[in-house]
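Trainee: Data file coords-v7.txt (compact mmCIF, C-alpha atoms) is appended below.
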# COMPACT_ATOMS: atom_id res chain seq x y z
CA THR D 990 -118.39 -22.08 137.19
CA HIS D 991 -120.27 -25.31 137.55
CA SER D 992 -122.90 -26.03 140.14
CA LEU D 993 -122.13 -29.46 141.51
CA LEU D 994 -125.83 -29.93 142.18
CA TYR D 995 -126.09 -30.70 138.47
CA ARG D 996 -125.49 -34.39 137.78
CA GLU D 997 -124.53 -35.40 134.27
CA ASN D 998 -125.59 -38.78 132.99
CA ALA D 999 -122.36 -39.95 131.42
CA LYS D 1000 -122.79 -41.90 128.22
CA ILE D 1001 -119.95 -44.14 127.21
CA ASN D 1002 -119.75 -45.77 123.80
CA HIS D 1003 -117.02 -48.18 124.82
CA MET D 1004 -117.74 -51.12 127.10
CA ASN D 1005 -114.31 -51.38 128.71
CA ALA D 1006 -113.88 -47.83 130.00
CA THR D 1007 -113.09 -47.16 133.65
CA VAL D 1008 -111.98 -44.26 135.82
CA ARG D 1009 -109.78 -44.61 138.90
CA ARG D 1010 -107.35 -42.61 140.99
CA ALA D 1011 -103.94 -42.28 139.41
CA THR D 1012 -100.97 -44.07 140.90
CA LEU D 1013 -97.31 -43.18 140.57
CA ARG D 1014 -96.95 -46.04 138.11
CA ALA D 1015 -99.33 -44.20 135.72
CA ALA D 1016 -97.07 -41.13 135.42
CA PRO D 1017 -95.51 -42.07 132.03
CA ALA D 1018 -98.92 -42.77 130.49
CA ILE D 1019 -100.41 -39.56 131.94
CA ALA D 1020 -97.43 -37.61 130.55
CA THR D 1021 -97.89 -39.17 127.12
CA VAL D 1022 -101.58 -38.21 127.06
CA HIS D 1023 -100.68 -34.73 128.35
CA VAL D 1024 -98.08 -34.02 125.65
CA GLU D 1025 -99.76 -35.70 122.67
CA THR D 1026 -103.17 -34.22 123.45
CA GLY D 1027 -101.67 -30.76 123.98
CA GLN D 1028 -99.81 -30.96 120.69
CA ASP D 1029 -103.04 -31.90 118.93
CA ALA D 1030 -105.46 -29.56 120.72
CA TYR D 1031 -103.31 -26.44 120.76
CA THR D 1032 -102.02 -26.51 117.18
CA GLY D 1033 -102.76 -23.08 115.74
CA LEU D 1034 -103.58 -21.70 119.19
CA ILE D 1035 -100.09 -21.47 120.66
CA PRO D 1036 -96.73 -21.38 118.86
CA ASP D 1037 -95.69 -24.55 117.03
CA GLU D 1038 -92.14 -24.30 118.40
CA TYR D 1039 -93.45 -24.55 121.96
CA LEU D 1040 -95.62 -27.57 121.09
CA GLN D 1041 -92.80 -29.34 119.26
CA ASN D 1042 -90.54 -28.94 122.29
CA LEU D 1043 -92.95 -30.57 124.74
CA SER D 1044 -91.20 -33.58 126.21
CA ILE D 1045 -92.86 -36.74 127.46
CA ALA D 1046 -89.75 -37.46 129.58
CA ASP D 1047 -89.91 -34.01 131.23
CA ARG D 1048 -93.67 -34.33 131.79
CA THR D 1049 -93.20 -37.81 133.27
CA THR D 1050 -90.78 -36.37 135.84
CA LYS D 1051 -93.27 -33.60 136.73
CA TRP D 1052 -96.14 -36.09 137.05
CA GLN D 1053 -94.02 -38.40 139.20
CA GLU D 1054 -93.24 -35.48 141.52
CA MET D 1055 -96.90 -34.44 141.73
CA LEU D 1056 -98.22 -37.95 142.30
CA ALA D 1057 -95.55 -38.71 144.92
CA ASP D 1058 -96.20 -35.50 146.88
CA GLU D 1059 -97.88 -36.70 150.07
CA ASN D 1060 -98.63 -33.10 151.11
CA SER D 1061 -100.57 -32.32 147.94
CA HIS D 1062 -104.30 -31.92 148.24
CA ALA D 1063 -104.70 -32.43 144.50
CA ILE D 1064 -106.26 -35.62 143.18
CA CYS D 1065 -105.57 -37.09 139.77
CA LEU D 1066 -107.96 -39.47 138.06
CA VAL D 1067 -107.16 -41.54 135.00
CA GLY D 1068 -109.59 -42.70 132.36
CA LEU D 1069 -108.78 -46.09 130.85
CA ILE D 1070 -110.07 -47.90 127.79
CA ASP D 1071 -109.25 -51.60 127.71
CA GLY D 1072 -106.84 -51.03 130.61
CA LYS D 1073 -104.84 -48.31 128.80
CA VAL D 1074 -104.65 -44.75 130.16
CA CYS D 1075 -106.33 -42.58 127.53
CA GLY D 1076 -107.24 -39.56 129.66
CA TRP D 1077 -106.74 -37.83 132.98
CA SER D 1078 -108.18 -35.10 135.16
CA SER D 1079 -106.76 -33.21 138.12
CA LEU D 1080 -108.88 -31.84 140.95
CA CYS D 1081 -108.16 -29.55 143.88
CA LYS D 1082 -109.53 -26.77 146.04
CA CYS D 1083 -110.05 -23.72 143.85
CA ARG D 1084 -106.77 -21.83 143.67
CA ASP D 1085 -108.32 -18.46 142.77
CA ALA D 1086 -108.17 -15.74 145.43
CA ASN D 1087 -111.80 -14.70 144.90
CA SER D 1088 -113.29 -18.19 145.29
CA GLY D 1089 -115.50 -19.38 148.09
CA PRO D 1090 -114.56 -22.04 150.66
CA LYS D 1091 -116.83 -24.62 149.00
CA TRP D 1092 -115.29 -24.16 145.55
CA GLY D 1093 -113.28 -26.93 143.96
CA GLU D 1094 -111.37 -26.77 140.69
CA LEU D 1095 -111.00 -28.99 137.68
CA GLY D 1096 -107.33 -28.14 137.21
CA GLY D 1097 -107.02 -29.99 133.92
CA MET D 1098 -108.58 -32.68 131.81
CA TYR D 1099 -107.07 -34.26 128.71
CA ILE D 1100 -108.43 -37.06 126.54
CA HIS D 1101 -105.99 -38.53 123.99
CA PRO D 1102 -107.06 -37.77 120.39
CA SER D 1103 -107.37 -41.51 119.68
CA ALA D 1104 -109.97 -41.82 122.47
CA GLN D 1105 -112.00 -38.69 121.79
CA GLY D 1106 -115.61 -39.15 120.76
CA LYS D 1107 -115.95 -42.47 122.60
CA GLY D 1108 -117.51 -41.07 125.77
CA LEU D 1109 -114.43 -41.28 127.97
CA GLY D 1110 -114.39 -37.50 128.47
CA SER D 1111 -118.00 -37.55 129.66
CA LEU D 1112 -117.29 -40.43 132.01
CA LEU D 1113 -114.15 -38.79 133.39
CA MET D 1114 -116.01 -35.46 133.82
CA ALA D 1115 -118.88 -37.16 135.66
CA GLU D 1116 -116.49 -39.00 137.99
CA SER D 1117 -114.46 -35.81 138.58
CA LEU D 1118 -117.55 -33.81 139.54
CA ALA D 1119 -118.82 -36.65 141.75
CA LEU D 1120 -115.48 -36.73 143.57
CA LEU D 1121 -115.53 -32.95 144.09
CA ARG D 1122 -119.05 -33.30 145.57
CA LYS D 1123 -117.81 -36.14 147.80
CA GLU D 1124 -114.95 -33.90 148.98
CA GLY D 1125 -117.54 -31.32 150.12
CA TYR D 1126 -117.47 -28.81 147.28
CA SER D 1127 -120.71 -27.28 145.96
CA GLN D 1128 -119.19 -25.24 143.10
CA ALA D 1129 -116.31 -25.85 140.73
CA THR D 1130 -114.23 -23.77 138.37
CA LEU D 1131 -111.96 -24.50 135.47
CA TRP D 1132 -109.77 -22.38 133.23
CA VAL D 1133 -109.94 -22.85 129.46
CA LEU D 1134 -107.64 -21.34 126.85
CA THR D 1135 -109.88 -18.56 125.56
CA THR D 1136 -109.33 -19.50 121.90
CA ASN D 1137 -109.87 -23.24 122.46
CA SER D 1138 -113.35 -23.50 120.95
CA SER D 1139 -113.33 -27.33 120.90
CA ALA D 1140 -112.72 -27.50 124.67
CA ARG D 1141 -115.43 -24.93 125.29
CA ALA D 1142 -117.78 -26.95 123.05
CA PHE D 1143 -117.14 -29.94 125.33
CA TYR D 1144 -117.48 -28.16 128.69
CA GLU D 1145 -120.33 -25.71 128.13
CA PRO D 1146 -123.06 -28.27 127.26
CA ARG D 1147 -122.06 -30.14 130.43
CA GLY D 1148 -123.08 -27.35 132.77
CA TRP D 1149 -119.95 -25.16 132.76
CA ARG D 1150 -120.69 -21.46 132.28
CA VAL D 1151 -118.29 -18.71 131.27
CA GLU D 1152 -118.23 -16.26 134.15
CA GLY D 1153 -116.04 -13.56 132.60
CA LYS D 1154 -112.87 -13.80 134.68
CA THR D 1155 -109.72 -13.95 132.56
CA LYS D 1156 -106.02 -14.39 133.22
CA THR D 1157 -102.81 -14.23 131.28
CA GLU D 1158 -99.96 -16.65 131.94
CA PRO D 1159 -96.59 -15.69 130.45
CA ARG D 1160 -94.57 -18.34 128.65
CA GLU D 1161 -91.34 -18.10 126.72
CA ASN D 1162 -92.03 -15.69 123.84
CA PHE D 1163 -95.84 -15.78 124.17
CA GLU D 1164 -98.75 -15.55 126.61
CA LEU D 1165 -101.65 -17.86 127.34
CA HIS D 1166 -105.02 -16.18 127.74
CA ALA D 1167 -107.57 -18.20 129.70
CA THR D 1168 -111.21 -17.70 130.66
CA ARG D 1169 -112.73 -19.07 133.84
CA HIS D 1170 -115.77 -21.28 133.68
Starting from the file, lay out its structure as C-alpha cells.

Mentor:
Amino acid sequence: THSLLYRENAKINHMNATVRRATLRAAPAIATVHVETGQDAYTGLIPDEYLQNLSIADRTTKWQEMLADENSHAICLVGLIDGKVCGWSSLCKCRDANSGPKWGELGGMYIHPSAQGKGLGSLLMAESLALLRKEGYSQATLWVLTTNSSARAFYEPRGWRVEGKTKTEPRENFELHATRH
C-alpha cells in the first residue's frame, strides 16, 4: 500500500512533459503504449506466444469502450512528451474486498520503453497520487506481477510497500501471479 500523505517530488529530465486526463481520442496511442510496453516489460515473465498475440487494434477497442463509459468511476491519465502520448495510468476506488473506504487503486501504469528513464514515470506517478488525494483517498494499492523486478524497483522507492497479499489470474495456458503493494 501507499500512504497518500507521502508526497513525491517528481523530477523530470525532459522539458516538454505533461500529464492530463485521457480523452477518447487518445485511445489508439494508449493502446500502443499498453501493447508495446507489455511486450517489452513482460518478456521472459509470461509466455512469448501471449505477448506476440497482443493486438493494438483490440486494445484500442477496449480503451475506447473504457474511456467512453460515462458510468465508470475510473480515471485515466496520459503522460506526454513533446505532445506525444508516451505513458498512461488508470485510477479507481480500490477493487479489493478487504480494502477500506478511503482506499484508491493505481490500476495500471505503463511508460513506453522509448520514454523510460526520462522522468515521465515519476511525473505520472506524482500526478496520479495527487489526483487520488484530491478524490478523497488516504491510502492506495496497486498489483504488480510478482516476478516483475523492474516494476518493483520503480514503485518501492516511491513509497509503495509490499503488504503480502497475492492473487492469481488465469489466462489461456498460464497464470499471472501478482503481489499487492

Trainee: From the options D:Glu1145, D:Glu1094, D:Asp1029, D:Glu1152, which residue's atoms come nearest to Ala1063 in chain D, counting all atoms listed in the file?

Mentor: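 Under the stated criterion, the closest residue is D:Glu1094.
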
Trainee: Just the number, please: distance in Å from CA of Leu1118 in chain D to CA of Leu1095 in chain D, one decimal.

Mentor: 8.3 Å

Trainee: Mind running range 1115-1154 of chain D against range 1030-1039 of chain D at 10 Å and telling me each contacting residue's nearest atom pair with the distance in Å (one decimal), counting all atoms listed in the file, chain and number ascending, as JSON lines?

Mentor:
{"residue": "D:Leu1134", "atom": "CA", "partner": "D:Leu1034", "partner_atom": "CA", "distance": 8.7}
{"residue": "D:Thr1135", "atom": "CA", "partner": "D:Leu1034", "partner_atom": "CA", "distance": 9.5}
{"residue": "D:Thr1136", "atom": "CA", "partner": "D:Leu1034", "partner_atom": "CA", "distance": 6.7}
{"residue": "D:Asn1137", "atom": "CA", "partner": "D:Leu1034", "partner_atom": "CA", "distance": 7.3}
{"residue": "D:Ser1138", "atom": "CA", "partner": "D:Ala1030", "partner_atom": "CA", "distance": 10.0}
{"residue": "D:Ser1139", "atom": "CA", "partner": "D:Ala1030", "partner_atom": "CA", "distance": 8.2}
{"residue": "D:Ala1140", "atom": "CA", "partner": "D:Ala1030", "partner_atom": "CA", "distance": 8.5}

Trainee: Pick the closest to Ser1111 in chain D from D:Trp1052, D:Tyr1099, D:Trp1092, D:Phe1163: which is it, counting all atoms listed in the file?

Mentor: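 Nearest candidate to Ser1111 in chain D out of D:Trp1052, D:Tyr1099, D:Trp1092, D:Phe1163: D:Tyr1099.
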
Trainee: Interatomic distance between CA of Asp1058 in chain D and CA of Pro1102 in chain D?

Mentor: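 One can read the CA of Asp1058 in chain D to CA of Pro1102 in chain D distance as 28.7 Å.
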
Trainee: Using only C-alpha atoms, which of the listed residues (D:His1023, D:Arg1084, D:Ser1127, D:Met1098) sits closest to Leu1112 in chain D?

Mentor: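 Answer, going by the shortest atom-to-atom distance: D:Met1098.
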
Trainee: For each of D:Ala1006, D:Gln1053, D:Ala1129, D:Leu1043, take the minimum atom-to-atom distance to Lys1107 in chain D, counting only C-alpha atoms, then give the residue where this is smallest.

Mentor: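 Answer, going by the shortest atom-to-atom distance: D:Ala1006.
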
Trainee: Excluding same-chain residues fewer than 6 positions from Ser1078 in chain D, what lies within 9 Å of it counting all atoms listed in the file, as a list in words?

Mentor: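 After dropping sequence-adjacent residues, the list is Ile1064, Cys1065, Leu1066, Val1067, Gly1068, Leu1095, Gly1096, Gly1097, Met1098, Tyr1099, Ile1100, Leu1113, Met1114 and Ser1117 of chain D.
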
Trainee: Could you tell me which of D:Leu1121, D:Gly1148, D:Thr1168, D:Thr1157 comes closest to Val1133 in chain D if we count all atoms listed in the file?

Mentor: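 Looking at the shortest contact to Val1133 in chain D, the residue is D:Thr1168.
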
Trainee: So how far away is CA of Glu1054 in chain D from CA of Ser1088 in chain D, in Å?

Mentor: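 Between CA of Ser1088 in chain D and CA of Glu1054 in chain D the gap is 26.7 Å.
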
Trainee: Using all atoms listed in the file, which of the listed residues (D:Ala1011, D:Ile1070, D:Leu1131, D:Ala1016) sits closest to Asp1047 in chain D?

Mentor: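 When distances to Asp1047 in chain D are compared using all atoms listed in the file, the smallest one comes from D:Ala1016.
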
Trainee: Env of Val1022 in chain D: 9 Å cut, atoms = all atoms listed in the file, seq-sep filter 2 positions within chain, self excluded. Answer as a ChimeraX atom specification.

Mentor: /D:1017-1020,1024-1027,1045,1074-1077,1099-1102
